[in-house]
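Working notes for the structure below.
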Protein chains: 4
Amino acid sequence: MTTTIIVVSMPAPPQRLFASDNASGIHPDYLGAIAQANVSHELAYGDDRFTPLAVRGFSQLADCDVDVLFTFGGTGSNILALAILLDRAESVLCTEWSHIAVDETGAPERILGVKLQTVVSPDGKLRPEQIESAAHALGSIHHAQPGVVSISQPTELGTLYTVAEIEAICQTAHQYGMRVHVDGARIANAVAAMGATRDVFRAMTFAAGIDALSFGGTKNAMLNAEAVLIAPQYRGRHAQYLHKQVTQLPSKMRFTSAQYVRALSDDLWISTATAANSSAQILFEKTKRFESLRIDKPAVNSLFPIILDPAKTKLQEWSFFWDWNIDQNQVRWMTSWDTSPTDIDAFVAGVAAVLG
Amino acid sequence: MTTTIIVVSMPAPPQRLFASDNASGIHPDYLGAIAQANVSHELAYGDDRFTPLAVRGFSQLADCDVDVLFTFGGTGSNILALAILLDRAESVLCTEWSHIAVDETGAPERILGVKLQTVVSPDGKLRPEQIESAAHALGSIHHAQPGVVSISQPTELGTLYTVAEIEAICQTAHQYGMRVHVDGARIANAVAAMGATRDVFRAMTFAAGIDALSFGGTKNAMLNAEAVLIAPQYRGRHAQYLHKQVTQLPSKMRFTSAQYVRALSDDLWISTATAANSSAQILFEKTKRFESLRIDKPAVNSLFPIILDPAKTKLQEWSFFWDWNIDQNQVRWMTSWDTSPTDIDAFVAGVAAVLG
Amino acid sequence: MTTTIIVVSMPAPPQRLFASDNASGIHPDYLGAIAQANVSHELAYGDDRFTPLAVRGFSQLADCDVDVLFTFGGTGSNILALAILLDRAESVLCTEWSHIAVDETGAPERILGVKLQTVVSPDGKLRPEQIESAAHALGSIHHAQPGVVSISQPTELGTLYTVAEIEAICQTAHQYGMRVHVDGARIANAVAAMGATRDVFRAMTFAAGIDALSFGGTKNAMLNAEAVLIAPQYRGRHAQYLHKQVTQLPSKMRFTSAQYVRALSDDLWISTATAANSSAQILFEKTKRFESLRIDKPAVNSLFPIILDPAKTKLQEWSFFWDWNIDQNQVRWMTSWDTSPTDIDAFVAGVAAVLG
Amino acid sequence: MTTTIIVVSMPAPPQRLFASDNASGIHPDYLGAIAQANVSHELAYGDDRFTPLAVRGFSQLADCDVDVLFTFGGTGSNILALAILLDRAESVLCTEWSHIAVDETGAPERILGVKLQTVVSPDGKLRPEQIESAAHALGSIHHAQPGVVSISQPTELGTLYTVAEIEAICQTAHQYGMRVHVDGARIANAVAAMGATRDVFRAMTFAAGIDALSFGGTKNAMLNAEAVLIAPQYRGRHAQYLHKQVTQLPSKMRFTSAQYVRALSDDLWISTATAANSSAQILFEKTKRFESLRIDKPAVNSLFPIILDPAKTKLQEWSFFWDWNIDQNQVRWMTSWDTSPTDIDAFVAGVAAVLG
């Protein structure tokens with residue numbers, strides 16, 4: 001076996017990472033909101049001045065009387081949303097790429113005791129006909145009953161459902177008595193990509209018929225601030241008790257809700273996502289010329305180029321990013337709300353040094 | 001039935017609440033630590049510059065190579081600690097007052113699938129002979145096997161175990177193959193009350209033989225920052241996977257660990273707890289003179305006075321605090337790290353207006 | 001320490017045991033019913049000729065359209081009944097003596113993820129005021145919500161609820177939105193003791209307002225044959241899927257249901273329980289004369305005498321029976337449907353040899 | 001749409017069904033064993049005369065000191081075996097056809113809180129390279145850790161692993177620290193097909209390196225009698241407590257173990273399976289001539305022919321059998337230990353009437 005060694009002189013790596021938006025910082029306005037909420041005492045668990053404001057803000061955003069539950073993390077949000085939507089002996093239908101099935105260390109199975117039924121999906125999107133197919137199990141006592149369809153917008157492969165596609169999923173699911181959950185850990189990036197308006201948010205979520213949304217904040221410039229939005233018809237399902245039972249009830253809730261008050265005041269949550277998406281576009285434009293790189297135009301803030309070794313490893317050692325589909329030499333590059341032009345240029349310089 | 005109505009003119013309520021230390025703010029130094037950790041990107045899930053420092057800080061504090069897992073909340077910490085310590089088909093022994101049994105909405109049963117065996121305890125403390133008694137179930141296939149003893153220091157009734165008592169509990173538990181978990185949501189207040197030194201911390205925890213500690217930060221001036229410390233002999237129990245599986249792995253972990261770096265740098269965690277304890281002493285000194293109030297000298301930052309209605313309700317409406325033992329008209333008053341002399345005087349003025 | 005050794009010449013032990021009705025055999029008529037159901041093939045999982053007959057038999061017995069689920073064992077029956085009755089984030093209220101809390105190795109916690117809240121009960125019976133007290137937790141997000149009251153008839157201490165007591169429990173529970181489950185592992189013995197008629201069964205169960213009953217067969221002369229009866233208003237709770245999900249769906253169900261067809265045809269289930277109860281009465285009459293034995297008149301087929309050591313151990317070694325309350329030297333003697341006068345005389349002879 | 005209606009005069013259907021071996025009766029020798037165990041009292045839960053004999057019988061059969069746990073049903077056996085083998089935060093690797101993943105209504109997820117990772121398998125068999133691929137998740141905190149490989153012998157598609165294939169699976173799994181469970185609901189049919197000797201049983205199970213076996217009895221002429229065999233190195237994992245905790249501990253265990261004493265005395269368990277397999281061969285020989293039927297030679301007692309509608313439905317209405325792969329018009333025919341030549345001829349006559 002011969003090992004090829006690349007001996008190249010690498011430029012300085014970018015100051016900010018292209019590994020994940022989880023690596024990014026907190027927007028100063030959110031730190032400001034936390035400081036503002038810190039002036040005096042407030043009762044815990046949501047009985048403070050900020051939480052009702054944030055809840056009202058979400059109702060306006062969703063244009064319906066959603067139940068809002070502020071949580072600590074994304075996995076916790078998904079667990080809580082599913083705990084509310086699921087009925088006895090049901091299963092969750094999702095794709096083979098879904099975060100709940102792949103990246104949560106079995107939390108749904110452990111905490112919810114629920115079967116996840118994964119369907120094949122080359123692009124990370126679930127299709128109505130896969131719901132139809134799963135519906136064959138309805139009525140058979142030997143099978144967990146498909147009860148919730150969980151999709152991610154954007155998907156874990158950086159693709160987007162159109163509004164019509166989400167509507168079709170909701171319609172098919174509801175026809176069989178199933179409910180629809182959206183893992184929106186990066187919902188802001190989807191909204192930013194599809195029009196960057198509140199109308200777009202509504203169209204792809206509650207107006208489309210979804211029943212619950214994990215609304216992500218942490219990857220979008222916030223400090224450990226996630227929220228679960230539940231459609232009004234699920235009142236009476238003990239959501240508030242489940243909130244505590246799944247360990248996702250922040251005692252000092254005001255420091256989460258105050259961030260959302262800020263985010264919703266002028267839609268900073270859309271602006272930051274727009275910035276991240278734009279950086280991804282620029283990164284794409286500046287790297288598509290490399291012949292040995294197979295890269296597609298990004299839909300949101302993630303790119304999934306194919307890079308062969310030893311270039312791939314060389315680059316990862318220089319400025320870390322994750323393998324995505326290891327068998328296909330596919331990796332993930334991700335931009336953040338605070339990625340700067342300088343960061344992009346520095347990263348492209350490294351790519352050029354290895355591939356150019 | 002006659003209803004007595006108190007018509008008294010009440011003074012202005014205190015600016016800061018006596019409802020719970022969960023109602024208090026964040027110490028400016030912790031906000032400063034968060035800001036400092038925000039200057040650039042850091043990899044998520046602990047692969048940052050701050051987390052190893054905080055882990056080392058805890059090892060020095062505990063004087064042994066503890067495994068440290070940073071978490072979002074107190075319930076989550078307890079769940080994670082127990083998930084690591086428990087073996088198959090085991091139960092947890094705790095008092096009827098324990099937070100895990102009473103105040104976590106059944107989270108341990110749901111997430112761990114574990115039986116909590118509660119023992120009677122008028123003062124919130126568990127006794128070695130109760131472990132002996134529970135040990136009778138060992139070896140019988142019809143009973144969950146007592147595997148972990150979980151105690152709280154201080155207890156939910158504001159009492160403290162002496163170091164000798166914790167040693168005795170550990171010795172008895174270990175003799176039967178059981179492990180010992182300490183719910184230290186307010187461990188700092190215990191340390192502050194019993195000498196306010198690192199030696200005291202060591203003596204009441206790992207030197208006494210405990211196996212796991214939920215180390216609280218949120219009630220002690222921090223922002224959603226809790227930690228679980230596990231004795232070195234439990235390496236190899238998949239703690240790192242359980243961390244994510246129970247939804248308690250912060251992605252932007254640096255903002256938690258940076259607070260602990262600050263806390264441990266000069267033991268700010270002990271100073272803030274000392275302040276809270278002192279305020280409780282002052283409040284006691286200033287209210288013990290009211291004849292219709294039955295109040296005991298506090299051990300930490302909580303007082304459990306008995307106040308008859310209608311005075312009790314009147315006061316709660318004026319400046320909220322919790323009922324504790326409703327059958328006995330017992331309530332809880334709690335001071336915080338930021339309770340000021342002015343707050344105490346304002347509160348005492350209200351008590352005087354109603355009871356004086 | 002001096003050890004007293006009893007050197008007595010013991011008579012031959014009884015052929016049948018007084019350890020438990022679980023030690024008894026199967027009534028020949030049930031073996032006959034199994035043989036009759038064995039003449040040809042029948043579809044599995046209840047699609048056979050016998051199951052609908054048994055279901056109809058139970059509806060006639062209960063005088064309402066109960067849902068009937070045949071199961072393998074008593075623990076499984078309780079789990080299944082509770083799985084159907086429980087809603088999200090709820091707890092089960094039961095006594096400290098209840099089989100579900102004490103004798104099922106934590107199965108409810110593991111399989112249902114549910115908190116069992118045990119209440120003190122010297123006689124094994126739960127009282128309406130304990131439901132009232134538990135109802136204080138309703139509405140507080142920090143507490144599991146009391147959702148099901150589970151009582152045992154007869155209790156694990158051999159006592160009986162009157163019909164009026166069960167009615168009062170149901171009324172109080174329902175007033176708070178809670179449901180009532182009866183662990184009737186020995187319900188036949190209760191029916192036999194309180195009148196031995198179908199009307200008595202109805203009065204103490206569905207006419208009294210209970211929502212679910214674990215109807216025991218195995219301890220009452222049957223071969224691994226238990227049943228869960230659910231009140232009609234709980235249709236639509238996916239009972240049939242839960243049946244399989246909790247591993248309690250017999251594939252060759254006809255061999256269970258055929259036994260129940262036989263039991264209900266002429267109420268053999270009451271006759272066998274009457275026989276067991278009568279034997280307990282005779283045993284009491286023949287042993288009450290021993291001065292060193294503290295024994296109460298039995299309500300059903302169990303006696304709970306107090307016998308001091310070394311007599312106790314001597315007797316247990318001669319013909320085994322269980323300790324019940326080891327601190328009080330209390331043991332349990334239990335008669336079965338097939339206990340004969342000869343067995344009783346042989347057992348009494350042994351008692352006489354040791355105590356007489 | 002035109003609907004084709006077949007108007008054929010059908011012969012009398014077979015007396016015994018080809019729907020499932022779950023529809024078959026109990027061998028008279030097992031009823032005899034039950035009757036023999038019924039002569040007197042025996043202590044419950046295995047402290048009887050028969051259970052130690054059956055355990056010893058299994059140790060001789062396995063040629064090692066296996067731990068034997070008698071259970072009620074097949075799903076329960078699988079749950080119990082996995083509960084013993086699994087460690088914290090682990091997942092189970094199995095095929096998309098596996099009974100645990102498809103036919104147990106989510107029992108593993110609910111009771112074990114475990115993720116099942118299903119792999120694609122056109123023939124129902126899992127391959128060592130799929131274990132290698134799953135092993136990539138080892139060490140990543142975001143993924144449940146593959147801990148147990150569960151295979152079925154024969155598979156749910158009626159195929160058989162060779163001894164070498166099972167050895168390779170065990171070797172690969174063990175190399176990564178994983179354990180191997182075999183769902184042997186029809187292990188007797190596999191043994192019968194591969195040589196019908198005890199040596200064959202050993203070679204494909206414990207000699208091959210497997211760690212646990214669900215040993216089926218119910219489908220092979222027994223009355224609700226299943227067993228779990230665990231390799232000796234898993235002593236100390238609280239198997240006996242898990243046995244009760246997962247509701248699979250029969251109180252009157254002697255009636256299960258006595259059947260196994262009979263089965264193992266002269267390997268009746270192999271003879272009955274051999275009979276079932278032979279009937280399947282005969283059925284194949286007598287139906288392969290029908291041109292419109294696509295049918296493969298069976299490996300055990302199941303055939304998976306492809307029959308187009310309306311013939312398929314016509315036949316199912318006449319003598320019921322299950323759809324297997326509804327998209328491909330594939331059904332399952334299954335023979336049993338008591339299928340007679342007359343039954344086969346009657347069934348073939350029906351097939352001929354519709355297809356001939």
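Just so we're on the same page: first chain in the structure tokens is A, next is B, and so on; residues restart at 1 for each chain, and ligands are numbered from 1 in the order they show up.
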
Using only C-alpha atoms, tabulate the residues of chain B lying at most 10 Å from any atom of chain C, each with its closest atom pair and that distance in Å to one decimal, by chain and increasing residue number, as CSV.
```
residue,atom,partner,partner_atom,distance
B:Ala89,CA,C:Thr105,CA,7.1
B:Glu90,CA,C:Gly106,CA,8.1
B:Ser91,CA,C:Gly106,CA,7.6
B:His99,CA,C:His142,CA,9.6
B:Ala101,CA,C:Lys115,CA,8.6
B:Val102,CA,C:His143,CA,6.3
B:Asp103,CA,C:His142,CA,4.9
B:Glu104,CA,C:His142,CA,5.5
B:Thr105,CA,C:His143,CA,4.0
B:Gly106,CA,C:Ala144,CA,5.3
B:Ala107,CA,C:Ala144,CA,8.5
B:Pro108,CA,C:Gly113,CA,8.4
B:Glu109,CA,C:Gly113,CA,5.0
B:Arg110,CA,C:Gly113,CA,3.9
B:Ile111,CA,C:Gly113,CA,7.0
B:Leu112,CA,C:Arg110,CA,7.6
B:Gly113,CA,C:Arg110,CA,3.9
B:Val114,CA,C:Glu109,CA,5.6
B:Lys115,CA,C:Gly106,CA,5.6
B:Leu116,CA,C:Lys115,CA,8.1
B:Gln117,CA,C:Ala101,CA,9.2
B:Thr118,CA,C:Thr118,CA,8.8
B:Ser133,CA,C:Asp327,CA,9.8
B:His136,CA,C:Ile326,CA,9.6
B:Ala137,CA,C:Val102,CA,9.8
B:Ser140,CA,C:Thr105,CA,8.9
B:Ile141,CA,C:Thr105,CA,6.9
B:His142,CA,C:Asp103,CA,4.9
B:His143,CA,C:Thr105,CA,4.0
B:Ala144,CA,C:Thr105,CA,4.1
B:Gln145,CA,C:Thr105,CA,7.6
B:Ile326,CA,C:His136,CA,9.5
B:Asp327,CA,C:Ser133,CA,9.7
```

Output file for the residues above (N, CA and C atoms, as a tab-separated table (two decimals), in the first residue's frame):
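The resulting file, result_6.tsv, is shown below:
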```tsv
chain	number	residue	atom	x	y	z
B	89	ALA	N	-32.71	-3.74	36.97
B	89	ALA	CA	-33.78	-4.15	37.90
B	89	ALA	C	-33.58	-3.61	39.31
B	90	GLU	N	-32.90	-2.49	39.41
B	90	GLU	CA	-32.65	-1.90	40.72
B	90	GLU	C	-33.65	-0.78	41.04
B	91	SER	N	-33.70	-0.43	42.32
B	91	SER	CA	-34.52	0.69	42.76
B	91	SER	C	-33.63	1.72	43.45
B	99	HIS	N	-36.44	15.56	46.36
B	99	HIS	CA	-36.82	16.24	45.13
B	99	HIS	C	-37.11	15.23	44.03
B	101	ALA	N	-38.30	12.33	44.21
B	101	ALA	CA	-39.57	11.62	44.41
B	101	ALA	C	-40.77	12.54	44.33
B	102	VAL	N	-40.59	13.79	44.73
B	102	VAL	CA	-41.75	14.67	44.91
B	102	VAL	C	-41.86	15.74	43.82
B	103	ASP	N	-40.74	16.30	43.42
B	103	ASP	CA	-40.78	17.55	42.64
B	103	ASP	C	-40.30	17.42	41.20
B	104	GLU	N	-40.24	16.22	40.68
B	104	GLU	CA	-39.74	16.08	39.31
B	104	GLU	C	-40.77	15.45	38.37
B	105	THR	N	-42.03	15.55	38.75
B	105	THR	CA	-43.14	15.13	37.88
B	105	THR	C	-42.93	13.72	37.33
B	106	GLY	N	-42.31	12.87	38.14
B	106	GLY	CA	-42.15	11.49	37.70
B	106	GLY	C	-41.07	11.29	36.66
B	107	ALA	N	-40.18	12.27	36.50
B	107	ALA	CA	-39.11	12.12	35.50
B	107	ALA	C	-38.25	10.87	35.74
B	108	PRO	N	-37.84	10.58	36.98
B	108	PRO	CA	-37.00	9.38	37.15
B	108	PRO	C	-37.71	8.11	36.71
B	109	GLU	N	-38.98	7.98	37.07
B	109	GLU	CA	-39.71	6.77	36.67
B	109	GLU	C	-39.82	6.71	35.15
B	110	ARG	N	-40.12	7.84	34.52
B	110	ARG	CA	-40.31	7.80	33.07
B	110	ARG	C	-39.01	7.55	32.32
B	111	ILE	N	-37.96	8.27	32.69
B	111	ILE	CA	-36.75	8.22	31.88
B	111	ILE	C	-35.87	7.04	32.28
B	112	LEU	N	-35.87	6.72	33.56
B	112	LEU	CA	-35.02	5.62	34.03
B	112	LEU	C	-35.80	4.32	34.16
B	113	GLY	N	-37.13	4.38	34.15
B	113	GLY	CA	-37.92	3.17	34.35
B	113	GLY	C	-37.67	2.56	35.71
B	114	VAL	N	-37.38	3.40	36.69
B	114	VAL	CA	-36.89	2.90	37.98
B	114	VAL	C	-37.91	3.16	39.08
B	115	LYS	N	-37.96	2.24	40.02
B	115	LYS	CA	-38.79	2.43	41.21
B	115	LYS	C	-38.04	3.29	42.22
B	116	LEU	N	-38.72	4.29	42.77
B	116	LEU	CA	-38.19	5.05	43.90
B	116	LEU	C	-38.88	4.53	45.15
B	117	GLN	N	-38.07	4.07	46.08
B	117	GLN	CA	-38.62	3.60	47.35
B	117	GLN	C	-38.44	4.70	48.38
B	118	THR	N	-39.53	5.28	48.81
B	118	THR	CA	-39.41	6.41	49.73
B	118	THR	C	-39.55	5.93	51.17
B	133	SER	N	-32.87	-1.82	56.46
B	133	SER	CA	-34.22	-2.37	56.32
B	133	SER	C	-34.54	-2.65	54.86
B	136	HIS	N	-33.34	-5.90	53.11
B	136	HIS	CA	-34.05	-7.19	53.22
B	136	HIS	C	-34.56	-7.68	51.87
B	137	ALA	N	-34.81	-6.74	50.96
B	137	ALA	CA	-35.34	-7.12	49.64
B	137	ALA	C	-34.28	-7.74	48.74
B	140	SER	N	-34.51	-11.27	46.67
B	140	SER	CA	-35.86	-11.75	46.37
B	140	SER	C	-36.27	-11.30	44.97
B	141	ILE	N	-36.63	-12.27	44.14
B	141	ILE	CA	-36.94	-11.94	42.74
B	141	ILE	C	-38.21	-11.12	42.58
B	142	HIS	N	-39.00	-11.02	43.63
B	142	HIS	CA	-40.27	-10.28	43.50
B	142	HIS	C	-40.12	-8.80	43.79
B	143	HIS	N	-38.93	-8.39	44.21
B	143	HIS	CA	-38.73	-6.99	44.58
B	143	HIS	C	-37.62	-6.37	43.74
B	144	ALA	N	-37.86	-5.11	43.32
B	144	ALA	CA	-36.77	-4.34	42.72
B	144	ALA	C	-35.63	-4.32	43.74
B	145	GLN	N	-34.40	-4.43	43.27
B	145	GLN	CA	-33.25	-4.54	44.15
B	145	GLN	C	-32.70	-3.16	44.50
B	326	ILE	N	-48.88	21.95	53.80
B	326	ILE	CA	-50.13	22.70	53.83
B	326	ILE	C	-51.00	22.30	55.01
B	327	ASP	N	-50.91	21.03	55.43
B	327	ASP	CA	-51.72	20.58	56.57
B	327	ASP	C	-51.27	21.24	57.87
```

All helix (DSSP H, G or I) residues (DSSP, backbone) inside region 87-249 of chain C, as a ChimeraX atom specification = /C:99-102,107-112,128-137,163-175,187-193,198-204,218-220,232-234,239-245

Grab the CA of Ile282 (chain A) to CA of Arg198 (chain A) distance for me, in Å with one decimal place.
-> 24.9 Å

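Secondary structure of region 193-255 of chain B, strand (DSSP E) only (DSSP, backbone atoms): Ala212, Leu213, Ser214, Phe215, Glu226, Ala227, Val228, Leu229 and Ile230 of chain B.
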
Any chance you can output those residues with N, CA, C and O atoms as a PDB file, in the first residue's frame?
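Done, and the output landed in part25.pdb:
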```
ATOM      1  N   ALA B 212     -21.737   9.767  43.402  1.00  0.00           N
ATOM      2  CA  ALA B 212     -22.124  10.763  42.392  1.00  0.00           C
ATOM      3  C   ALA B 212     -22.753  11.960  43.087  1.00  0.00           C
ATOM      4  O   ALA B 212     -23.414  11.824  44.128  1.00  0.00           O
ATOM      5  N   LEU B 213     -22.544  13.115  42.472  1.00  0.00           N
ATOM      6  CA  LEU B 213     -23.065  14.358  43.028  1.00  0.00           C
ATOM      7  C   LEU B 213     -23.689  15.199  41.921  1.00  0.00           C
ATOM      8  O   LEU B 213     -23.060  15.444  40.899  1.00  0.00           O
ATOM      9  N   SER B 214     -24.927  15.623  42.151  1.00  0.00           N
ATOM     10  CA  SER B 214     -25.507  16.671  41.306  1.00  0.00           C
ATOM     11  C   SER B 214     -25.076  17.995  41.925  1.00  0.00           C
ATOM     12  O   SER B 214     -25.503  18.336  43.030  1.00  0.00           O
ATOM     13  N   PHE B 215     -24.213  18.731  41.217  1.00  0.00           N
ATOM     14  CA  PHE B 215     -23.625  19.960  41.739  1.00  0.00           C
ATOM     15  C   PHE B 215     -24.396  21.138  41.145  1.00  0.00           C
ATOM     16  O   PHE B 215     -24.279  21.440  39.955  1.00  0.00           O
ATOM     17  N   GLU B 226     -25.595  23.499  35.483  1.00  0.00           N
ATOM     18  CA  GLU B 226     -25.531  22.427  36.464  1.00  0.00           C
ATOM     19  C   GLU B 226     -24.422  21.463  36.052  1.00  0.00           C
ATOM     20  O   GLU B 226     -23.974  21.484  34.906  1.00  0.00           O
ATOM     21  N   ALA B 227     -24.002  20.651  36.990  1.00  0.00           N
ATOM     22  CA  ALA B 227     -22.952  19.681  36.666  1.00  0.00           C
ATOM     23  C   ALA B 227     -23.190  18.395  37.438  1.00  0.00           C
ATOM     24  O   ALA B 227     -23.754  18.411  38.532  1.00  0.00           O
ATOM     25  N   VAL B 228     -22.767  17.295  36.839  1.00  0.00           N
ATOM     26  CA  VAL B 228     -22.817  15.999  37.518  1.00  0.00           C
ATOM     27  C   VAL B 228     -21.389  15.532  37.689  1.00  0.00           C
ATOM     28  O   VAL B 228     -20.617  15.516  36.723  1.00  0.00           O
ATOM     29  N   LEU B 229     -21.035  15.168  38.927  1.00  0.00           N
ATOM     30  CA  LEU B 229     -19.693  14.660  39.211  1.00  0.00           C
ATOM     31  C   LEU B 229     -19.811  13.181  39.576  1.00  0.00           C
ATOM     32  O   LEU B 229     -20.584  12.821  40.464  1.00  0.00           O
ATOM     33  N   ILE B 230     -19.010  12.368  38.902  1.00  0.00           N
ATOM     34  CA  ILE B 230     -19.092  10.919  39.104  1.00  0.00           C
ATOM     35  C   ILE B 230     -17.738  10.420  39.584  1.00  0.00           C
ATOM     36  O   ILE B 230     -16.708  10.792  39.022  1.00  0.00           O
TER      37      ILE B 230
END
```

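Contact shell of Gln36 (chain C) at 9 Å (only C-alpha atoms; same-chain neighbours under 4 positions omitted): Leu31, Gly32 and Ala258 of chain C.
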
Would you mind reading off the distance between CA of Gly25 (chain A) and CA of Ala353 (chain A), one decimal, in Å?
-> 27.8 Å

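Put simply, CA of Asn329 (chain D) is 17.7 Å away from CA of Lys297 (chain D).
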
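Using only C-alpha atoms, the residues found no farther than 8 Å from Arg186 (chain C), other than those of its own chain fewer than 4 positions away, are Gln153, Pro154, Ala190, Phe215, Gly216, Gly217, Lys219 and Asn220 of chain C.
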
What's around Tyr176 (chain D) at 12 Å? Count only C-alpha atoms, leave out sequence neighbours fewer than 3 positions away in its own chain, and write the answer as a short mmCIF file (atom, residue, chain, number, x, y, z; two decimals) with N, CA and C atoms, in the first residue's frame.
```cif
data_model
loop_
_atom_site.label_atom_id
_atom_site.label_comp_id
_atom_site.auth_asym_id
_atom_site.auth_seq_id
_atom_site.Cartn_x
_atom_site.Cartn_y
_atom_site.Cartn_z
N PRO D 128 -22.18 -10.06 8.24
CA PRO D 128 -21.10 -9.48 9.06
C PRO D 128 -20.71 -8.08 8.62
N ILE D 131 -22.60 -5.47 10.32
CA ILE D 131 -22.12 -5.20 11.69
C ILE D 131 -20.94 -4.24 11.63
N GLU D 132 -20.04 -4.51 10.70
CA GLU D 132 -18.88 -3.61 10.52
C GLU D 132 -19.34 -2.18 10.26
N SER D 133 -20.33 -2.06 9.40
CA SER D 133 -20.82 -0.73 9.05
C SER D 133 -21.44 -0.04 10.26
N ALA D 134 -22.24 -0.78 11.02
CA ALA D 134 -22.87 -0.20 12.22
C ALA D 134 -21.82 0.19 13.25
N ALA D 135 -20.71 -0.52 13.24
CA ALA D 135 -19.66 -0.25 14.24
C ALA D 135 -19.04 1.13 14.08
N HIS D 136 -19.27 1.76 12.92
CA HIS D 136 -18.77 3.14 12.76
C HIS D 136 -19.33 4.07 13.83
N ALA D 137 -20.50 3.76 14.36
CA ALA D 137 -21.12 4.62 15.37
C ALA D 137 -20.46 4.50 16.74
N LEU D 138 -19.66 3.44 16.92
CA LEU D 138 -19.02 3.24 18.23
C LEU D 138 -18.12 4.42 18.55
N GLY D 139 -18.31 4.96 19.73
CA GLY D 139 -17.47 6.05 20.17
C GLY D 139 -18.03 7.44 19.90
N GLN D 145 -25.12 3.25 20.92
CA GLN D 145 -23.98 2.38 20.64
C GLN D 145 -24.45 0.96 20.31
N PRO D 146 -24.15 0.49 19.11
CA PRO D 146 -24.57 -0.88 18.76
C PRO D 146 -24.03 -1.88 19.79
N GLY D 147 -24.92 -2.57 20.48
CA GLY D 147 -24.49 -3.43 21.58
C GLY D 147 -24.86 -4.88 21.38
N VAL D 148 -25.99 -5.11 20.72
CA VAL D 148 -26.46 -6.48 20.51
C VAL D 148 -26.85 -6.64 19.05
N VAL D 149 -26.42 -7.76 18.46
CA VAL D 149 -26.88 -8.15 17.13
C VAL D 149 -27.93 -9.23 17.35
N ILE D 169 -20.91 -14.16 12.13
CA ILE D 169 -21.63 -13.06 12.79
C ILE D 169 -21.14 -12.90 14.23
N CYS D 170 -21.02 -14.01 14.93
CA CYS D 170 -20.57 -13.94 16.33
C CYS D 170 -19.15 -13.37 16.41
N GLN D 171 -18.31 -13.82 15.52
CA GLN D 171 -16.92 -13.37 15.55
C GLN D 171 -16.83 -11.87 15.30
N THR D 172 -17.55 -11.40 14.28
CA THR D 172 -17.52 -9.97 13.97
C THR D 172 -18.12 -9.16 15.11
N ALA D 173 -19.24 -9.61 15.61
CA ALA D 173 -19.90 -8.87 16.70
C ALA D 173 -18.98 -8.80 17.91
N ARG D 179 -22.80 -8.29 21.54
CA ARG D 179 -23.26 -9.64 21.86
C ARG D 179 -24.27 -10.10 20.80
N VAL D 180 -24.51 -11.40 20.74
CA VAL D 180 -25.39 -11.96 19.70
C VAL D 180 -26.57 -12.68 20.34
#
```

Counting only C-alpha atoms, what is within 12 Å of Thr313 (chain D), bar same-chain residues fewer than 4 positions away, as a VMD selection string?
-> chain D and resid 4 to 6 307 to 309 317 to 323 326 329 to 331 351 354

Restricted to C-alpha atoms, what would the selected residues look like written as a tab-separated table (two decimals), in the first residue's frame?
```tsv
chain	number	residue	atom	x	y	z
D	4	THR	CA	-62.85	-10.31	-12.28
D	5	ILE	CA	-64.95	-12.73	-10.30
D	6	ILE	CA	-63.93	-16.33	-10.08
D	307	ILE	CA	-50.27	-15.71	-6.22
D	308	LEU	CA	-52.06	-13.06	-8.19
D	309	ASP	CA	-55.51	-11.84	-7.37
D	317	GLU	CA	-61.45	-16.79	1.95
D	318	TRP	CA	-61.65	-20.53	1.55
D	319	SER	CA	-58.84	-21.45	3.98
D	320	PHE	CA	-57.11	-18.48	5.54
D	321	PHE	CA	-53.41	-17.66	5.18
D	322	TRP	CA	-51.46	-14.42	5.59
D	323	ASP	CA	-50.23	-11.88	3.10
D	326	ILE	CA	-48.46	-7.28	-0.18
D	329	ASN	CA	-48.54	-10.55	-4.03
D	330	GLN	CA	-46.46	-12.78	-1.82
D	331	VAL	CA	-48.23	-14.85	0.82
D	351	VAL	CA	-55.30	-24.53	-4.99
D	354	VAL	CA	-58.53	-21.95	-8.32
```
